[in-house]
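Here's the structure, in structure tokens; my notes come after.
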Amino acid sequence: MYHQPVLKNRRTLLERAEKFISDIYFTDCNLRGRLYGDSCPLVSLTSFLSPKRITFAEASKQNFAPYRIGDTFGPTWWTCWFKVTLKIPESWRGKEVHLLWESDGEAMVWRDGQPVQGLTKEGEKTSYILSDCLKDEEPHSDTLYVEMACNGLFGAGQGSMIAAPDPNKKFSLQRAELVVFNRNVRELLTDFEMLIDIVKELGEGEQRGYQALFTVNEMVNLCDPANSSSFSKVHNLAQKFFNQRNGESQHTVHAMGHCHIDSAWLWPYEETIRKCGRSWVTVIRLMERNPEFVFTCSQAQQFQWVKSWYPGLFSQIQHYVKKGQFIPVGGTWVEMDGNLPSGESMVRQFLEGQRFFNQEFGVHCKEFWLPDTFGYSAQLPQIMQSCGISNFLTQKLSWNLVNTFPHNTFFWEGLDGSKVLTHFPPGNSYEMKGKIEDLVRTVKNNKDKGRANHSAALFGFGDGGGGPTQLMLDRLRRVQDTDGLPKVQTSSPDQLFSRLQSDSALLCTWSGELFLELHNGTYTTQAQIKRGNRQCETLLHDVEIASSLALCQDRTFKYPVKKLQELWRLLLLNQFHDVIPGSCIEMVVEDALRYYEDIRTDGTALLHDAFGALGSKGNSAGVFNSLPWERHEVIETKHGFGKPYLDTLDTYNNYVADGTILMENGILRTVVNKDGTLASLCLINANREAIYDGCHGNQFVMFDDVPLYWDAWDVMDYHLQTRKPVLEVVQPAHVVSSGGLRGSVDFTLRISDKSTVTQEIIMDAMCPYIKFNTEVKWAESHRLLKVEFPVRVHSPNATYEIQFGHLQRPTHRNTSWDWARFEVWGHKWADLSEHNFGVALLNDCKYGYSVHKNTMTLSLLRAPKAPDANADMGIHHFTYAIMPHSGSFQDASVIQCAYNLNFPLRLIQCSPDTVPWSAFSVSSEAVILETVKQAEEQKGALVVRLYESHGSSVTATLHTTLPVREAFHCDLLERQDPTQPADITSQGLTLKFSPFQIVSLLLIL
């Protein structure tokens, strides 16, 4: 016991208070040492080890062997089930009794066959409340089960969090016993903690900080740890301080419980299911004790997992959703990556998510919830708006490496002019802990002071799950309205955005993409995942179109509703923001690639079923074209190269005297060097050379690729200083086929002792681009492979395809904002044009680009070592193409050519007298018919989705040979607008588009 009536040395007083509550040295005379009172050993503790994740019903039937505290179990990803037999001493009547459980794994307590509590040391949950106040009528004996996962909140990394997991790591249980929990000690500890943090955050020299220091010193003087009768007086001193109120001008923090759970990251999908169970059942327990507690939770996929694995818990969640405490948010199937999924994939994220939330909870989310992703497409605002969402919450742009984003609350304007109210929690975190520093940082960091006086604070352990704790709630409850701090109120997202909307007159508007200046390596890492995503997006697109046409041709055909939903949900799951970007462990990669293979196998079978219903029979070769325009292409058949129904010009290949190879098809003429580079590429009709003077196109280049920390995530700007061309020729360029419909040239280069690249350069008759079919045997470490095309074009901006449109980015580095875009993302094409001439770079599965000055670069492969030590090792196949053109890229049909490269003509069998027919076509080349599918609700009706791709206002006619009786506009959730019937004429449906507008139609057949 100390007494110091005069405050002379403030630092000494602060240290004194911290020491008073510390448990470092003297557990008998400080406060924290008295948190637990009497203890009692368990009656028995037995265990059972399983290599697989099994249900409680299975586990409870196993043979359990005695377990001693400290014994190890494992290895990583196994499960150790414990059977706990306990008896509470009779003398503990009237006391709060806990099962104290400290281990280095994640645990779930099961009681009476139901999950009741998550236990995770890293998540500050080390005890399960057996009784709040033990009564005589309560059972004093019980048997519990504890399911222990052999991994921590963040997997089992070796040395650092993002390191590849240690497969042989062992785990142990350090403590398991019954204890009396002294709730009054916890209350005082929280009082002291909050006051001490106020001193630290507000400053001892400030009036309010000094008052907090004075109060905490008086509390130390008054408190006797050995005499609990002093506790209430000490607590009253703290309450007197906390109850001194703010004025009306103070900022309001809207506190929302949150539990960001990555659907896969440093752990596999299967473990995420248990993370959800552990976290959400803990949330339910908190709601039982704290009726004001509000919890926000996204990702329909995770709700679906819980519904399947923990139906009892799911029923409890439904109950608290109705009460308004457990709030589904986001409206998407998973928190997907904001850059890489196609436009249609993004639509399906919302379609599947919103439909699930509506079916299970009777709600449609009003806000898009994407705290942790690596950038945000400029088409997201339009997609949100058309899915019934007008608000957006995220946080990740606070991670910008170069420039500080200038707003926290603003309107975000998308590519087409759509706007959504957007909020970045100023505390720059989606896993706050309810501490003073969180609240103070929220106010200080707010970049829209004067424009917005309300902010969100998301509290709870996240990424690996865990969620809020009682301690976090207790902290926030103390400072709801305390002078010197922002006001704190428990809120829902709807309450927050309603307040922001009502005061939005002065908010600024940000137009265009929200580009994250970090994690740009995710456009390239795990190339097999990127390839699987693009191919499966294409396949499902074709399956839906073929099935829709089959439905119209053959009324006995059954549209594969359930199977398509299953396949789409697998694809959407793999678009989670740590899977498709490649920032995940090897186990997740293996799962993702297996899911892609399932989609390919089942999707191909569905496609063949649809072809059969379309009358695909006979011995003659035909093609199925899933794109709404005529295509003049060379395709490969069993008997060589063919192109049904079309006459073509021949290609021409020949050797030149110096060993180079001349290729020509009447549209393009190129000279291929021995090393496979292009010495020349000429657009014949325009007589324009595309390759810059003295340079070579198709130049492979290697870079050192050693990020500062986030290995799989980042490509740093300093890598540009390490450029090394790949020059060693293993097999010089030689002609493989010459004349006829296809000319091709092969060559092989050595990248290193372990890696090679083999390429087939293809020039097809009537094709306006040259294809590069590429195989890379890749066994590098921290290296980056790119291909360059220095072109004879001068322009300050390059154009990149994004979802349902395109945007421009600078080719110069004038400002820090320009410099930060040294590596950017795009989809099927990028284009660099000056007036009346340009060059487009197309691809079939790549997303990373760089266009600096006149050099167009496509990133091909990386070789990070964390969190997957074997990332990208192996054999890769991909295709890219170069397309010089006259006029604008719009007039030159670059967009259509990129679609052609990605959506192959599919060979089908047909009878010799089959007449070609077209189901859909569009009068304007500016309008792309993206999707044809069966409507979700109206059987026999179709949904078609189109978008304006040129950036123009246009009127277009959708022609169809299908028997359409009525047509209505609908939103992306397929909700019909009866006030907007489509104008049907004898020519088709007349539609008006503004630039980059997405239009969805419901066709009643």
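Residues in the structure tokens are named by chain (A, B, ... in the order shown) and by number from 1 within that chain; ligands are numbered from 1 in the order shown.
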In stretch 506-570 of chain A, what's helix (DSSP H, G or I) per DSSP? Answer as a JSON list (two decimals) with N, CA and C atoms, in the first residue's frame?
```
[["chain", "number", "residue", "atom", "x", "y", "z"],
["A", 506, "LEU", "N", -21.85, 17.92, -47.59],
["A", 506, "LEU", "CA", -20.51, 18.48, -47.80],
["A", 506, "LEU", "C", -19.47, 17.42, -48.16],
["A", 520, "ASN", "N", 0.60, -5.67, -55.16],
["A", 520, "ASN", "CA", 0.43, -5.81, -56.61],
["A", 520, "ASN", "C", 1.01, -7.11, -57.16],
["A", 521, "GLY", "N", 1.71, -7.85, -56.34],
["A", 521, "GLY", "CA", 2.17, -9.18, -56.77],
["A", 521, "GLY", "C", 1.03, -10.18, -56.86],
["A", 522, "THR", "N", -0.10, -9.84, -56.21],
["A", 522, "THR", "CA", -1.24, -10.76, -56.23],
["A", 522, "THR", "C", -1.90, -10.85, -57.60],
["A", 523, "TYR", "N", -1.52, -9.96, -58.53],
["A", 523, "TYR", "CA", -2.04, -10.08, -59.89],
["A", 523, "TYR", "C", -1.38, -11.24, -60.64],
["A", 527, "ALA", "N", -0.05, -18.74, -60.54],
["A", 527, "ALA", "CA", -0.58, -18.62, -61.89],
["A", 527, "ALA", "C", -1.61, -19.70, -62.22],
["A", 528, "GLN", "N", -1.47, -20.88, -61.63],
["A", 528, "GLN", "CA", -2.43, -21.95, -61.91],
["A", 528, "GLN", "C", -3.83, -21.59, -61.39],
["A", 529, "ILE", "N", -3.88, -20.87, -60.30],
["A", 529, "ILE", "CA", -5.18, -20.43, -59.78],
["A", 529, "ILE", "C", -5.80, -19.41, -60.72],
["A", 530, "LYS", "N", -4.98, -18.47, -61.19],
["A", 530, "LYS", "CA", -5.50, -17.48, -62.14],
["A", 530, "LYS", "C", -6.03, -18.16, -63.40],
["A", 531, "ARG", "N", -5.28, -19.11, -63.91],
["A", 531, "ARG", "CA", -5.70, -19.82, -65.12],
["A", 531, "ARG", "C", -6.98, -20.61, -64.87],
["A", 532, "GLY", "N", -7.07, -21.28, -63.72],
["A", 532, "GLY", "CA", -8.27, -22.03, -63.39],
["A", 532, "GLY", "C", -9.48, -21.12, -63.30],
["A", 533, "ASN", "N", -9.30, -19.95, -62.69],
["A", 533, "ASN", "CA", -10.42, -19.02, -62.57],
["A", 533, "ASN", "C", -10.92, -18.57, -63.93],
["A", 534, "ARG", "N", -10.01, -18.13, -64.80],
["A", 534, "ARG", "CA", -10.43, -17.63, -66.11],
["A", 534, "ARG", "C", -11.10, -18.72, -66.93],
["A", 535, "GLN", "N", -10.52, -19.92, -66.92],
["A", 535, "GLN", "CA", -11.08, -21.01, -67.71],
["A", 535, "GLN", "C", -12.45, -21.43, -67.19],
["A", 536, "CYS", "N", -12.61, -21.44, -65.87],
["A", 536, "CYS", "CA", -13.90, -21.85, -65.32],
["A", 536, "CYS", "C", -14.96, -20.77, -65.50],
["A", 537, "GLU", "N", -14.57, -19.52, -65.44],
["A", 537, "GLU", "CA", -15.53, -18.45, -65.77],
["A", 537, "GLU", "C", -16.04, -18.62, -67.20],
["A", 538, "THR", "N", -15.11, -18.93, -68.10],
["A", 538, "THR", "CA", -15.47, -19.14, -69.51],
["A", 538, "THR", "C", -16.38, -20.34, -69.68],
["A", 539, "LEU", "N", -16.03, -21.44, -69.02],
["A", 539, "LEU", "CA", -16.80, -22.67, -69.16],
["A", 539, "LEU", "C", -18.23, -22.49, -68.65],
["A", 540, "LEU", "N", -18.39, -21.89, -67.47],
["A", 540, "LEU", "CA", -19.74, -21.71, -66.93],
["A", 540, "LEU", "C", -20.56, -20.75, -67.79],
["A", 541, "HIS", "N", -19.91, -19.76, -68.34],
["A", 541, "HIS", "CA", -20.57, -18.87, -69.31],
["A", 541, "HIS", "C", -21.15, -19.68, -70.46],
["A", 542, "ASP", "N", -20.34, -20.57, -71.02],
["A", 542, "ASP", "CA", -20.78, -21.36, -72.17],
["A", 542, "ASP", "C", -21.85, -22.38, -71.78],
["A", 543, "VAL", "N", -21.71, -22.98, -70.61],
["A", 543, "VAL", "CA", -22.70, -23.95, -70.16],
["A", 543, "VAL", "C", -24.06, -23.27, -70.02],
["A", 544, "GLU", "N", -24.09, -22.09, -69.45],
["A", 544, "GLU", "CA", -25.37, -21.40, -69.26],
["A", 544, "GLU", "C", -26.01, -21.02, -70.59],
["A", 545, "ILE", "N", -25.21, -20.55, -71.52],
["A", 545, "ILE", "CA", -25.78, -20.19, -72.82],
["A", 545, "ILE", "C", -26.28, -21.43, -73.55],
["A", 546, "ALA", "N", -25.48, -22.49, -73.58],
["A", 546, "ALA", "CA", -25.90, -23.71, -74.26],
["A", 546, "ALA", "C", -27.13, -24.31, -73.61],
["A", 547, "SER", "N", -27.18, -24.28, -72.28],
["A", 547, "SER", "CA", -28.34, -24.84, -71.58],
["A", 547, "SER", "C", -29.59, -24.00, -71.81],
["A", 548, "SER", "N", -29.42, -22.68, -71.90],
["A", 548, "SER", "CA", -30.56, -21.80, -72.16],
["A", 548, "SER", "C", -31.12, -22.06, -73.55],
["A", 549, "LEU", "N", -30.24, -22.21, -74.53],
["A", 549, "LEU", "CA", -30.70, -22.48, -75.89],
["A", 549, "LEU", "C", -31.33, -23.87, -75.98],
["A", 550, "ALA", "N", -30.75, -24.83, -75.25],
["A", 550, "ALA", "CA", -31.32, -26.18, -75.24],
["A", 550, "ALA", "C", -32.72, -26.16, -74.64],
["A", 551, "LEU", "N", -32.91, -25.32, -73.63],
["A", 551, "LEU", "CA", -34.22, -25.19, -72.99],
["A", 551, "LEU", "C", -35.26, -24.70, -73.99],
["A", 552, "CYS", "N", -34.84, -23.82, -74.88],
["A", 552, "CYS", "CA", -35.76, -23.28, -75.88],
["A", 552, "CYS", "C", -35.99, -24.26, -77.03],
["A", 553, "GLN", "N", -34.97, -25.04, -77.35],
["A", 553, "GLN", "CA", -35.07, -25.98, -78.46],
["A", 553, "GLN", "C", -35.81, -27.25, -78.08],
["A", 561, "VAL", "N", -30.16, -26.52, -62.77],
["A", 561, "VAL", "CA", -30.17, -25.44, -61.78],
["A", 561, "VAL", "C", -29.25, -25.74, -60.60],
["A", 562, "LYS", "N", -29.46, -26.88, -59.96],
["A", 562, "LYS", "CA", -28.71, -27.20, -58.74],
["A", 562, "LYS", "C", -27.22, -27.40, -59.02],
["A", 563, "LYS", "N", -26.92, -28.08, -60.11],
["A", 563, "LYS", "CA", -25.52, -28.35, -60.42],
["A", 563, "LYS", "C", -24.79, -27.07, -60.79],
["A", 564, "LEU", "N", -25.44, -26.21, -61.54],
["A", 564, "LEU", "CA", -24.80, -24.94, -61.89],
["A", 564, "LEU", "C", -24.58, -24.07, -60.66],
["A", 565, "GLN", "N", -25.54, -24.08, -59.74],
["A", 565, "GLN", "CA", -25.34, -23.32, -58.51],
["A", 565, "GLN", "C", -24.16, -23.87, -57.72],
["A", 566, "GLU", "N", -24.06, -25.18, -57.66],
["A", 566, "GLU", "CA", -22.95, -25.82, -56.95],
["A", 566, "GLU", "C", -21.61, -25.41, -57.58],
["A", 567, "LEU", "N", -21.54, -25.43, -58.91],
["A", 567, "LEU", "CA", -20.28, -25.10, -59.58],
["A", 567, "LEU", "C", -19.96, -23.62, -59.44],
["A", 568, "TRP", "N", -20.99, -22.78, -59.58],
["A", 568, "TRP", "CA", -20.75, -21.35, -59.40],
["A", 568, "TRP", "C", -20.26, -21.05, -57.99],
["A", 569, "ARG", "N", -20.85, -21.70, -57.00],
["A", 569, "ARG", "CA", -20.44, -21.43, -55.62],
["A", 569, "ARG", "C", -19.00, -21.88, -55.37],
["A", 570, "LEU", "N", -18.57, -22.96, -56.00],
["A", 570, "LEU", "CA", -17.16, -23.36, -55.90],
["A", 570, "LEU", "C", -16.26, -22.30, -56.50]]
```
(message) Using only C-alpha atoms, can you tell me which of A:Val479, A:Leu668, A:Val964, A:Val915 comes closest to A:Ala941?
(response)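 Smallest separation from A:Ala941 among the options: A:Val964.
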(message) When you look at stretch 137-142 of chain A with a cut-off of 10 Å (counting only C-alpha atoms), what residues show up, excluding the ones that are within fewer than 4 positions of it in the same chain? I need them as a list of chain:residue names.
(response) A:Val43, A:Val84, A:Thr85, A:Leu86, A:Lys87, A:Ile88, A:Pro89, A:Glu90, A:Trp92, A:Arg93, A:Arg111, A:Asp112, A:Leu130, A:Ser131, A:Cys133
Kindly provide the residues of stretch 487-574 of chain A that approach stretch 284-298 of chain A to within 9 Å, each paired with its closest atom pair and their distance in Å to one decimal, based on only C-alpha atoms, listed by chain and increasing number, as JSON lines.
```
{"residue": "A:Thr490", "atom": "CA", "partner": "A:Val294", "partner_atom": "CA", "distance": 6.7}
{"residue": "A:Ser491", "atom": "CA", "partner": "A:Val294", "partner_atom": "CA", "distance": 6.7}
{"residue": "A:Ser492", "atom": "CA", "partner": "A:Val294", "partner_atom": "CA", "distance": 6.7}
{"residue": "A:Pro493", "atom": "CA", "partner": "A:Thr296", "partner_atom": "CA", "distance": 8.0}
```
Could you write out the selected residues, including C-alpha atoms, as a PDB file, in the first residue's frame?
```
ATOM      1  CA  THR A 490     -23.390   0.517 -30.139  1.00  0.00           C
ATOM      2  CA  SER A 491     -24.719   0.662 -33.683  1.00  0.00           C
ATOM      3  CA  SER A 492     -25.646  -1.337 -36.730  1.00  0.00           C
ATOM      4  CA  PRO A 493     -24.191  -0.483 -40.144  1.00  0.00           C
TER       5      PRO A 493
END
```
(request) Could you check how far atom CA of A:Asp717 sits from atom CA of A:His806, in Å to one decimal? (result) 24.6 Å
(message) Which residues are close to A:Arg688, i.e. within 10 Å by only C-alpha atoms, leaving aside same-chain residues fewer than 6 positions away? Reply as a list in words.
(response)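 My list of contacting residues is Leu668, Leu681, Cys682, Arg792, Phe837, Gly838, Pro884, His885 and Ser886 of chain A.
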Given the selection you just returned, output its residues as a file containing C-alpha atoms, formatted as a PDB file, in the first residue's frame.
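Below you can see part_36.pdb, which holds the result:
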```pdb
ATOM      1  CA  LEU A 668       0.206  -8.768 -90.425  1.00  0.00           C
ATOM      2  CA  LEU A 681       5.661  -6.337 -86.744  1.00  0.00           C
ATOM      3  CA  CYS A 682       3.899  -4.527 -89.545  1.00  0.00           C
ATOM      4  CA  ARG A 792       6.043   2.613 -81.863  1.00  0.00           C
ATOM      5  CA  PHE A 837      -2.883   3.663 -84.535  1.00  0.00           C
ATOM      6  CA  GLY A 838      -2.289   1.473 -81.538  1.00  0.00           C
ATOM      7  CA  PRO A 884      -1.451  -3.750 -83.910  1.00  0.00           C
ATOM      8  CA  HIS A 885      -4.438  -1.881 -85.289  1.00  0.00           C
ATOM      9  CA  SER A 886      -5.548   1.195 -87.178  1.00  0.00           C
TER      10      SER A 886
END
```
(request) Find the residues near A:Gln575: any atom within 9 Å, counting only C-alpha atoms, skip ones fewer than 2 places away on the same chain, and give them as JSON, numbers by chain. (result) {"A": [334, 335, 336, 337, 340, 341, 345, 533, 570, 571, 572, 573, 577, 578, 579, 580, 581]}
(request) For stretch 266-271 of chain A, work out the shell of residues within 6 Å, counting only C-alpha atoms and skipping chain neighbours fewer than 2 positions away, then give it as a ChimeraX atom specification. (result) /A:155,264,273-274,584-585,588
Please write the residues from the selection above to a file, keeping C-alpha atoms, as a PDB file, in the first residue's frame.
```
ATOM      1  CA  GLY A 155      -2.130 -21.392 -38.737  1.00  0.00           C
ATOM      2  CA  ALA A 264      -8.939 -19.626 -46.375  1.00  0.00           C
ATOM      3  CA  ILE A 273     -15.610 -24.038 -40.913  1.00  0.00           C
ATOM      4  CA  ARG A 274     -14.480 -24.670 -37.343  1.00  0.00           C
ATOM      5  CA  CYS A 584      -2.402 -18.562 -49.220  1.00  0.00           C
ATOM      6  CA  ILE A 585      -0.662 -21.717 -48.064  1.00  0.00           C
ATOM      7  CA  VAL A 588      -5.347 -24.019 -49.966  1.00  0.00           C
TER       8      VAL A 588
END
```
(message) To test your reading of the structure, identify every residue in stretch 257-353 of chain A that backbone DSSP assigns to strand (DSSP E or B), and report it as a ChimeraX atom specification.
(response) /A:257-258,261,295-297,326-328,336
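The two atoms in question, atom CA of A:Tyr596 and atom CA of A:Phe303, are spaced 22.4 Å apart.
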